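Novice: Sharing run_4.txt (compact mmCIF, C-alpha atoms) below.
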```
# COMPACT_ATOMS: atom_id res chain seq x y z
CA MET Z 1 12.41 11.02 -12.69
CA THR Z 2 10.39 13.66 -14.51
CA GLU Z 3 13.09 13.97 -17.18
CA LYS Z 4 13.15 10.24 -17.76
CA ALA Z 5 9.40 9.70 -17.53
CA THR Z 6 7.29 9.39 -20.65
CA VAL Z 7 3.56 9.64 -21.21
CA TRP Z 8 1.49 6.47 -21.41
CA GLU Z 9 -2.12 6.26 -22.57
CA VAL Z 10 -4.44 4.30 -20.32
CA PHE Z 11 -7.30 2.08 -21.46
CA ILE Z 12 -9.70 0.47 -19.03
CA GLN Z 13 -12.02 -2.45 -19.61
CA THR Z 14 -14.98 -2.02 -17.32
CA LYS Z 15 -16.36 -5.54 -17.73
CA ASN Z 16 -15.24 -8.78 -19.32
CA GLY Z 17 -16.23 -8.82 -22.97
CA LEU Z 18 -16.42 -5.06 -23.37
CA ALA Z 19 -13.85 -3.07 -25.31
CA HIS Z 20 -11.07 -1.25 -23.49
CA LYS Z 21 -11.86 2.43 -23.38
CA HIS Z 22 -9.40 5.30 -23.31
CA VAL Z 23 -9.58 7.10 -19.97
CA GLY Z 24 -6.53 9.36 -19.88
CA ASN Z 25 -2.78 9.17 -19.44
CA VAL Z 26 -0.05 8.84 -16.84
CA HIS Z 27 3.64 9.62 -16.56
CA ALA Z 28 5.94 6.68 -15.89
CA ALA Z 29 9.53 5.59 -16.37
CA ASP Z 30 8.77 1.99 -17.33
CA LYS Z 31 5.88 -0.30 -18.18
CA ILE Z 32 5.44 -1.71 -14.66
CA MET Z 33 5.28 1.78 -13.23
CA ALA Z 34 2.86 2.83 -15.96
CA LEU Z 35 0.51 -0.01 -15.10
CA GLU Z 36 0.70 0.70 -11.36
CA ASN Z 37 0.19 4.42 -11.81
CA ALA Z 38 -2.78 3.72 -14.06
CA ARG Z 39 -4.22 1.42 -11.42
CA ASP Z 40 -3.80 4.07 -8.74
CA LEU Z 41 -5.21 6.91 -10.82
CA TYR Z 42 -8.05 5.29 -12.70
CA THR Z 43 -9.31 2.15 -10.97
CA ARG Z 44 -9.58 3.00 -7.29
CA ARG Z 45 -13.34 3.22 -7.43
CA ASN Z 46 -14.15 -0.09 -8.98
CA GLU Z 47 -14.00 1.16 -12.55
CA GLY Z 48 -12.32 -1.75 -14.18
CA SER Z 49 -11.41 -5.37 -14.62
CA CYS Z 50 -8.42 -4.90 -16.94
CA ILE Z 51 -5.95 -2.14 -17.76
CA TRP Z 52 -3.93 -1.54 -20.91
CA VAL Z 53 -1.14 1.00 -21.05
CA VAL Z 54 0.47 2.06 -24.31
CA LYS Z 55 3.31 4.50 -24.80
CA SER Z 56 1.77 7.61 -26.30
CA SER Z 57 4.62 7.83 -28.78
CA GLU Z 58 3.66 4.39 -30.13
CA ILE Z 59 0.21 5.53 -31.15
CA ILE Z 60 -0.12 6.56 -34.78
CA SER Z 61 -2.75 9.21 -35.24
CA SER Z 62 -4.30 10.67 -38.37
CA GLU Z 63 -3.52 14.34 -38.87
CA SER Z 64 -6.19 17.00 -38.98
CA GLU Z 65 -5.10 18.10 -42.45
CA ASP Z 66 -5.91 14.61 -43.69
CA SER Z 67 -9.44 14.69 -42.36
CA GLU Z 68 -11.02 15.71 -45.69
CA ALA Z 69 -9.42 12.84 -47.56
CA PHE Z 70 -10.09 10.41 -44.74
CA PHE Z 71 -13.61 11.15 -43.67
CA ASP Z 72 -15.51 13.42 -46.05
CA PRO Z 73 -16.15 10.82 -48.78
CA SER Z 74 -18.38 8.84 -46.46
CA ASN Z 75 -20.60 11.82 -45.57
CA ASP Z 76 -23.17 11.34 -48.32
CA LYS Z 77 -23.19 7.54 -48.42
CA MET Z 78 -25.93 6.74 -45.96
CA TYR Z 79 -26.40 3.32 -47.59
CA ARG Z 80 -23.24 2.20 -45.88
CA HIS Z 81 -25.17 2.13 -42.62
CA PRO Z 82 -27.07 -1.13 -42.18
CA THR Z 83 -30.24 0.68 -41.09
CA PHE Z 84 -32.57 -1.90 -42.67
CA TYR Z 85 -31.82 -4.50 -40.01
CA THR Z 86 -34.14 -4.75 -37.05
CA MET Z 87 -32.35 -5.11 -33.75
CA PRO Z 88 -33.33 -8.27 -31.90
CA ASP Z 89 -34.74 -7.60 -28.44
CA GLY Z 90 -32.24 -8.24 -25.71
CA ALA Z 91 -29.17 -7.60 -27.86
CA LYS Z 92 -26.84 -5.40 -25.92
CA HIS Z 93 -23.56 -3.68 -26.74
CA ILE Z 94 -24.10 -3.52 -30.49
CA MET V 1 -6.24 -6.42 30.06
CA ASP V 2 -7.61 -9.01 27.73
CA ASN V 3 -4.96 -10.82 25.66
CA LEU V 4 -7.01 -10.76 22.49
CA PHE V 5 -7.67 -7.05 22.93
CA ILE V 6 -3.94 -6.29 23.13
CA TYR V 7 -3.20 -8.65 20.25
CA ILE V 8 -5.65 -6.78 18.01
CA LEU V 9 -4.40 -3.37 19.15
CA ARG V 10 -0.87 -4.30 18.09
CA ILE V 11 -2.06 -5.06 14.58
CA ALA V 12 -4.24 -1.96 14.36
CA ASP V 13 -1.58 0.40 15.74
CA CYS V 14 0.92 -0.79 13.17
CA SER V 15 -1.41 0.17 10.32
CA LEU V 16 -2.54 3.44 11.85
CA ILE V 17 0.96 4.76 12.54
CA LEU V 18 2.32 3.84 9.13
CA GLY V 19 -0.84 5.27 7.57
CA GLN V 20 -0.15 8.56 9.34
CA ARG V 21 3.40 8.52 7.99
CA MET V 22 2.09 7.91 4.46
CA SER V 23 -0.37 10.79 4.81
CA GLU V 24 2.62 13.07 5.41
CA TRP V 25 3.55 12.44 1.76
CA CYS V 26 0.29 13.94 0.55
CA SER V 27 1.14 16.84 -1.80
CA LYS V 28 4.88 16.15 -1.38
CA GLY V 29 5.28 13.08 -3.61
CA PRO V 30 8.05 13.08 -6.24
CA THR V 31 5.48 13.06 -9.07
CA LEU V 32 1.75 13.55 -9.22
CA GLU V 33 1.18 9.86 -9.93
CA GLU V 34 3.38 8.74 -7.02
CA ASP V 35 1.80 11.30 -4.71
CA ILE V 36 -1.57 9.68 -5.32
CA ALA V 37 -0.10 6.18 -4.94
CA LEU V 38 1.43 7.05 -1.55
CA SER V 39 -1.75 8.67 -0.25
CA ASN V 40 -3.76 5.69 -1.49
CA ILE V 41 -1.53 3.35 0.49
CA GLY V 42 -2.07 5.58 3.53
CA LEU V 43 -5.83 5.34 3.07
CA ASP V 44 -5.66 1.55 2.72
CA LEU V 45 -3.76 1.42 6.02
CA PHE V 46 -6.29 3.65 7.79
CA GLY V 47 -9.04 1.38 6.52
CA GLN V 48 -7.28 -1.68 7.89
CA ALA V 49 -6.59 0.02 11.22
CA ASN V 50 -10.23 1.04 11.49
CA GLY V 51 -11.44 -2.52 11.00
CA PHE V 52 -9.17 -3.85 13.73
CA TYR V 53 -9.97 -0.95 16.12
CA GLU V 54 -13.71 -1.53 15.67
CA TYR V 55 -13.18 -5.15 16.66
CA ALA V 56 -10.95 -4.21 19.60
CA SER V 57 -13.53 -1.68 20.73
CA LYS V 58 -16.23 -4.37 20.66
CA ILE V 59 -14.12 -6.63 22.87
CA ASP V 60 -13.17 -3.84 25.24
CA GLY V 61 -16.69 -2.43 25.42
CA ASN V 62 -15.55 0.91 26.89
CA LYS V 63 -13.63 2.78 24.25
CA SER V 64 -14.73 3.53 20.70
CA ALA V 65 -12.43 2.93 17.75
CA ASP V 66 -11.79 6.68 17.55
CA GLU V 67 -10.88 6.84 21.23
CA LEU V 68 -8.46 3.96 20.78
CA ALA V 69 -6.74 5.85 17.97
CA PHE V 70 -6.79 9.36 19.39
CA LYS V 71 -6.96 9.09 23.18
CA ARG V 72 -4.01 6.87 24.00
CA ASN V 73 -0.50 8.00 24.80
CA GLU V 74 2.82 6.91 23.38
CA ARG V 75 3.42 4.16 25.94
CA GLU V 76 0.00 2.69 25.20
CA PHE V 77 0.79 2.17 21.51
CA PHE V 78 2.08 -1.20 20.36
CA ASN V 79 3.06 -0.67 16.73
CA TYR V 80 6.39 -2.04 15.57
CA GLN V 81 9.01 0.69 15.82
CA ILE V 82 9.66 0.48 12.09
CA SER V 83 6.20 1.94 11.39
CA GLU V 84 6.95 5.15 13.25
CA GLN V 85 10.33 5.74 11.56
CA LYS V 86 10.45 9.00 9.66
CA ASN V 87 9.77 9.14 5.94
CA GLY V 88 13.20 10.57 5.14
CA HIS V 89 13.70 10.73 1.39
CA PHE V 90 11.49 8.75 -0.95
CA GLY V 91 13.94 5.82 -0.99
CA THR V 92 13.88 5.54 2.81
CA THR V 93 10.09 5.46 2.79
CA MET V 94 10.15 2.70 0.19
CA VAL V 95 12.71 0.62 2.14
CA ARG V 96 10.75 0.98 5.38
CA ASN V 97 7.52 0.01 3.67
CA PHE V 98 9.12 -2.84 1.74
CA LEU V 99 10.59 -4.50 4.85
CA ARG V 100 7.26 -4.17 6.60
CA ASP V 101 5.01 -5.03 3.64
CA ALA V 102 6.89 -8.30 3.11
CA PHE V 103 6.31 -9.21 6.76
CA LYS V 104 2.69 -8.08 6.85
CA TYR V 105 1.94 -10.02 3.69
CA LEU V 106 3.10 -13.24 5.33
CA PHE V 107 1.50 -12.33 8.65
CA TYR V 108 -1.97 -11.65 7.25
CA ASN V 109 -1.71 -14.80 5.18
CA GLU V 110 -1.35 -16.81 8.39
CA LEU V 111 -3.85 -14.72 10.33
CA SER V 112 -6.47 -15.38 7.67
CA LYS V 113 -6.46 -19.00 8.94
CA SER V 114 -7.19 -17.88 12.52
CA LYS V 115 -9.88 -19.65 14.55
CA ASP V 116 -11.23 -16.21 15.39
CA GLU V 117 -13.55 -15.59 12.46
CA THR V 118 -13.50 -11.81 12.69
CA LEU V 119 -9.71 -11.69 12.73
CA ALA V 120 -9.54 -14.12 9.84
CA ALA V 121 -11.96 -12.00 7.82
CA LEU V 122 -10.11 -8.76 8.59
CA ALA V 123 -6.84 -10.41 7.58
CA SER V 124 -8.26 -11.75 4.32
CA LYS V 125 -9.52 -8.30 3.48
CA SER V 126 -6.20 -6.65 4.29
CA ILE V 127 -4.07 -9.13 2.42
CA LYS V 128 -5.23 -8.00 -1.02
CA GLU V 129 -4.16 -4.46 -0.23
CA VAL V 130 -0.88 -5.48 1.35
CA LYS V 131 -0.08 -7.61 -1.69
CA TYR V 132 -0.36 -4.49 -3.80
CA HIS V 133 1.67 -2.42 -1.33
CA LEU V 134 4.43 -5.03 -1.42
CA ARG V 135 4.39 -5.02 -5.19
CA HIS V 136 4.63 -1.23 -5.23
CA SER V 137 7.46 -1.00 -2.68
CA SER V 138 9.50 -3.91 -4.08
CA ASN V 139 9.34 -2.51 -7.59
CA TRP V 140 10.73 0.75 -6.27
CA ILE V 141 13.48 -1.07 -4.36
CA ILE V 142 14.54 -2.75 -7.61
CA ARG V 143 14.20 0.44 -9.63
CA LEU V 144 16.18 2.59 -7.19
CA GLY V 145 18.72 -0.09 -6.31
CA ASP V 146 19.37 -0.87 -9.96
CA GLY V 147 19.11 2.78 -10.97
CA THR V 148 22.03 5.17 -10.73
CA ASN V 149 25.03 4.93 -8.43
CA GLU V 150 23.52 7.65 -6.29
CA SER V 151 20.10 6.00 -5.96
CA ASN V 152 21.74 2.66 -5.16
CA GLU V 153 23.92 4.22 -2.49
CA LYS V 154 21.02 6.11 -0.91
CA VAL V 155 18.74 3.07 -0.75
CA GLN V 156 21.52 0.87 0.63
CA LYS V 157 22.10 3.43 3.36
CA SER V 158 18.41 3.50 4.29
CA LEU V 159 18.40 -0.29 4.30
CA ASP V 160 21.44 -0.48 6.58
CA PHE V 161 19.79 1.92 9.00
CA LEU V 162 16.30 0.43 9.04
CA TRP V 163 17.48 -3.18 9.32
CA GLN V 164 17.72 -2.91 13.11
CA PHE V 165 13.94 -2.56 13.26
CA THR V 166 13.20 -5.87 11.55
CA GLY V 167 14.02 -8.04 14.58
CA GLU V 168 10.72 -7.09 16.21
CA PHE V 169 8.70 -8.81 13.49
CA PHE V 170 9.72 -12.24 14.72
CA GLU V 171 9.52 -11.72 18.49
CA MET V 172 6.96 -13.69 20.47
CA ASP V 173 5.92 -12.65 23.99
CA GLU V 174 3.47 -14.27 26.44
CA ILE V 175 0.46 -12.76 24.71
CA ASP V 176 1.60 -13.95 21.27
CA ASN V 177 2.23 -17.43 22.60
CA LYS V 178 -1.17 -17.58 24.31
CA MET V 179 -2.89 -16.48 21.13
CA LEU V 180 -0.92 -19.02 19.14
CA GLN V 181 -1.88 -21.83 21.53
CA GLU V 182 -5.52 -20.91 21.22
CA GLY V 183 -5.29 -21.08 17.44
CA ILE V 184 -6.05 -17.39 17.13
CA GLY V 185 -2.61 -15.85 16.67
CA VAL V 186 0.30 -16.31 14.30
CA ASP V 187 3.68 -17.91 14.94
CA ASN V 188 5.84 -14.98 13.86
CA LYS V 189 9.07 -16.94 14.28
CA LYS V 190 7.97 -19.32 11.55
CA LEU V 191 7.63 -16.44 9.08
CA LYS V 192 11.29 -15.51 9.14
CA ASN V 193 12.48 -17.94 6.44
CA GLU V 194 9.81 -16.87 3.98
CA TRP V 195 10.46 -13.23 4.80
CA ASN V 196 14.19 -13.64 4.22
CA LYS V 197 13.44 -15.23 0.85
CA ILE V 198 11.31 -12.30 -0.30
CA ILE V 199 13.87 -9.79 0.96
CA ILE V 200 16.89 -11.52 -0.58
CA ASP V 201 15.15 -12.08 -3.91
CA THR V 202 14.16 -8.41 -4.24
CA LEU V 203 17.47 -7.04 -2.97
CA ASN V 204 19.34 -9.22 -5.47
CA LYS V 205 17.23 -7.88 -8.31
CA GLY V 206 17.99 -4.37 -7.06
CA LYS V 207 21.73 -5.06 -6.71
CA LEU V 208 21.53 -4.27 -3.00
CA ASN V 209 23.20 -6.07 -0.11
CA LYS V 210 21.21 -7.61 2.70
CA PRO V 211 22.59 -6.16 5.95
CA GLU V 212 23.89 -8.57 8.60
CA ASP V 213 21.69 -9.08 11.66
CA GLY V 214 23.39 -6.94 14.31
CA TYR V 215 21.84 -4.90 17.09
CA MET V 216 18.08 -5.21 16.93
CA ALA V 217 15.71 -2.63 18.39
CA SER V 218 12.95 -4.02 20.58
CA GLY V 219 10.25 -2.99 23.04
CA SER V 220 7.15 -1.94 21.12
CA LYS V 221 5.15 -4.85 22.54
CA LYS V 222 5.60 -3.14 25.93
CA GLY V 223 4.92 0.32 24.54
CA ILE V 224 8.55 1.36 24.25
CA HIS V 225 9.24 3.47 21.19
CA THR V 226 11.80 5.59 19.40
CA GLU V 227 11.60 9.36 19.91
CA HIS V 228 9.61 9.83 16.70
CA LEU V 229 6.30 8.37 17.88
CA GLY V 230 5.56 11.15 20.38
CA PHE V 231 5.81 13.83 17.71
CA LEU V 232 3.72 11.81 15.30
CA LEU V 233 0.97 11.34 17.90
CA ALA V 234 1.09 15.01 18.91
CA GLU V 235 0.24 15.98 15.34
CA MET V 236 -2.23 13.18 14.70
CA GLN V 237 -4.13 13.55 17.98
CA TYR V 238 -4.07 17.33 18.29
CA LEU V 239 -7.51 18.05 16.94
CA PRO V 240 -9.59 15.47 18.83
CA ARG V 241 -7.73 16.30 22.03
CA ALA V 242 -8.01 20.08 21.67
CA TYR V 243 -11.66 19.88 20.58
CA PRO V 244 -13.08 16.77 22.23
CA ASP V 245 -16.58 17.56 20.95
CA ALA V 246 -15.50 17.90 17.32
CA LYS V 247 -17.48 15.71 14.96
CA TRP V 248 -16.26 14.11 11.72
```
Could you express the structure from this file as structure tokens?

Specialist:
Amino acid sequence: MTEKATVWEVFIQTKNGLAHKHVGNVHAADKIMALENARDLYTRRNEGSCIWVVKSSEIISSESEDSEAFFDPSNDKMYRHPTFYTMPDGAKHI
Amino acid sequence: MDNLFIYILRIADCSLILGQRMSEWCSKGPTLEEDIALSNIGLDLFGQANGFYEYASKIDGNKSADELAFKRNEREFFNYQISEQKNGHFGTTMVRNFLRDAFKYLFYNELSKSKDETLAALASKSIKEVKYHLRHSSNWIIRLGDGTNESNEKVQKSLDFLWQFTGEFFEMDEIDNKMLQEGIGVDNKKLKNEWNKIIIDTLNKGKLNKPEDGYMASGSKKGIHTEHLGFLLAEMQYLPRAYPDAKW
């Protein structure tokens, strides 16, 4: 199986309403196996309410050589952060 | 001995012995992910066994749950013979578990309606785990059966061999009948149609043939077992028997 297995990235949602968070990856030969392996590896201790698995090869990532063009221009533009808002009491997960 | 006590022991033994078999896979699984899955299933089974032993121990009043697991001999164990069958290759383990998981799933479903509240609660707790075990084993049956010629052939062979141990699921003896009459136990005979449906459906998806009912092994309700159980117990019980004062 190891030759046929591919790597899948695993995302777990800890609670309804929260975003799925990347937790790691698993090897699996198909999507059902990927989901089951993810369940066995990452949710045995009550960590989640929903699992996503995505083939690693399907994820498009920015390259490190692009990082200047991608991210540097925003370094000196603090005004893009909405710091002038006051957070209402009791607002969570913002 | 008390009928209820024996009835509970049968359920507990089945989980304990298969759990021990699953623990033998630890560090030997075909992949890291599967290794963890197999050990997890083993742990689930130990958890189930423990719940039922605790209840049996309460009824018996003399022996603790640990003593029930570690201080009984082969002839005093009542697990279905299929649970003690050797792991063999990965496909054999999956076939053995699949045949049993399908039965246990139906069995716990019925037991969860028992008049005995403790049994009903233990069954309801177990059923969630067994549902997952069944899902895991049936997916592997389909994957291996519908895989390569070699995997199909190997799984079919395991299936043909293990089929003889499925007759025991549907046997009813005096104790079973008593428990059924009292509204505590399950009518195993009634589960056969549903079980056949699950088996046929999965085997079809896996391009495997359901073996014909031929010779069926029997005897575990009276403590009669295949030669494998003695070796399994020798390994499992060695430590508490050699060092009776050992603490967890």

Novice: Quick one: pull the distance between atom CA of Phe98 of chain V and atom CA of Phe165 of chain V, Å, one decimal.

Specialist: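 Computing it gives 12.5 Å between the two atoms.
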
Novice: If we count all atoms listed in the file, what is near Glu212 of chain V at a cut-off of 12 Å, once residues fewer than 3 positions away on the same chain are taken out, given as a list in words?

Specialist: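 Selected residues are Leu159, Asp160, Phe161, Leu162, Trp163, Gln164, Thr166, Gly167, Asn196, Ile200, Asn209, Tyr215 and Met216 of chain V.
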
Novice: With C-alpha atoms retained, could you export that selection as a PDB file, keeping the file's coordinate frame?

Specialist:
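The resulting file, again_38.pdb, is shown below:
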```
ATOM      1  CA  LEU V 159      18.400  -0.290   4.300  1.00  0.00           C
ATOM      2  CA  ASP V 160      21.440  -0.480   6.580  1.00  0.00           C
ATOM      3  CA  PHE V 161      19.790   1.920   9.000  1.00  0.00           C
ATOM      4  CA  LEU V 162      16.300   0.430   9.040  1.00  0.00           C
ATOM      5  CA  TRP V 163      17.480  -3.180   9.320  1.00  0.00           C
ATOM      6  CA  GLN V 164      17.720  -2.910  13.110  1.00  0.00           C
ATOM      7  CA  THR V 166      13.200  -5.870  11.550  1.00  0.00           C
ATOM      8  CA  GLY V 167      14.020  -8.040  14.580  1.00  0.00           C
ATOM      9  CA  ASN V 196      14.190 -13.640   4.220  1.00  0.00           C
ATOM     10  CA  ILE V 200      16.890 -11.520  -0.580  1.00  0.00           C
ATOM     11  CA  ASN V 209      23.200  -6.070  -0.110  1.00  0.00           C
ATOM     12  CA  TYR V 215      21.840  -4.900  17.090  1.00  0.00           C
ATOM     13  CA  MET V 216      18.080  -5.210  16.930  1.00  0.00           C
TER      14      MET V 216
END
```

Novice: Show me a table, sorted first by chain and then by increasing residue number, of the residues of chain V having an atom at most 8 Å from chain Z, each with its shortest atom pair and the distance in Å to one decimal, counting all atoms listed in the file and written as a Markdown table.

Specialist:
```
| residue | atom | partner | partner_atom | distance |
| --- | --- | --- | --- | --- |
| V:Thr31 | CA | Z:Thr2 | CA | 7.4 |
| V:Glu33 | CA | Z:Asn37 | CA | 5.8 |
| V:Glu34 | CA | Z:Asn37 | CA | 7.2 |
| V:Ile36 | CA | Z:Asp40 | CA | 6.9 |
| V:Ala37 | CA | Z:Asp40 | CA | 5.7 |
| V:Asn40 | CA | Z:Asp40 | CA | 7.4 |
| V:His136 | CA | Z:Glu36 | CA | 7.5 |
```

Novice: So what do you get for atom CA of Ala56 of chain V versus atom CA of Ile184 of chain V, distance-wise?

Specialist: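 For atom CA of Ala56 of chain V relative to atom CA of Ile184 of chain V, the distance reads 14.3 Å.
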
Novice: Please provide the set of residues having any atom within 9 Å of Lys189 of chain V, restricted to all atoms listed in the file, with same-chain residues fewer than 4 positions apart removed, written as a JSON list (two decimals) with C-alpha atoms, keeping the file's coordinate frame.

Specialist:
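Written file, around_14.json:
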```json
[["chain", "number", "residue", "atom", "x", "y", "z"],
["V", 169, "PHE", "CA", 8.70, -8.81, 13.49],
["V", 170, "PHE", "CA", 9.72, -12.24, 14.72],
["V", 171, "GLU", "CA", 9.52, -11.72, 18.49],
["V", 172, "MET", "CA", 6.96, -13.69, 20.47],
["V", 193, "ASN", "CA", 12.48, -17.94, 6.44]]
```
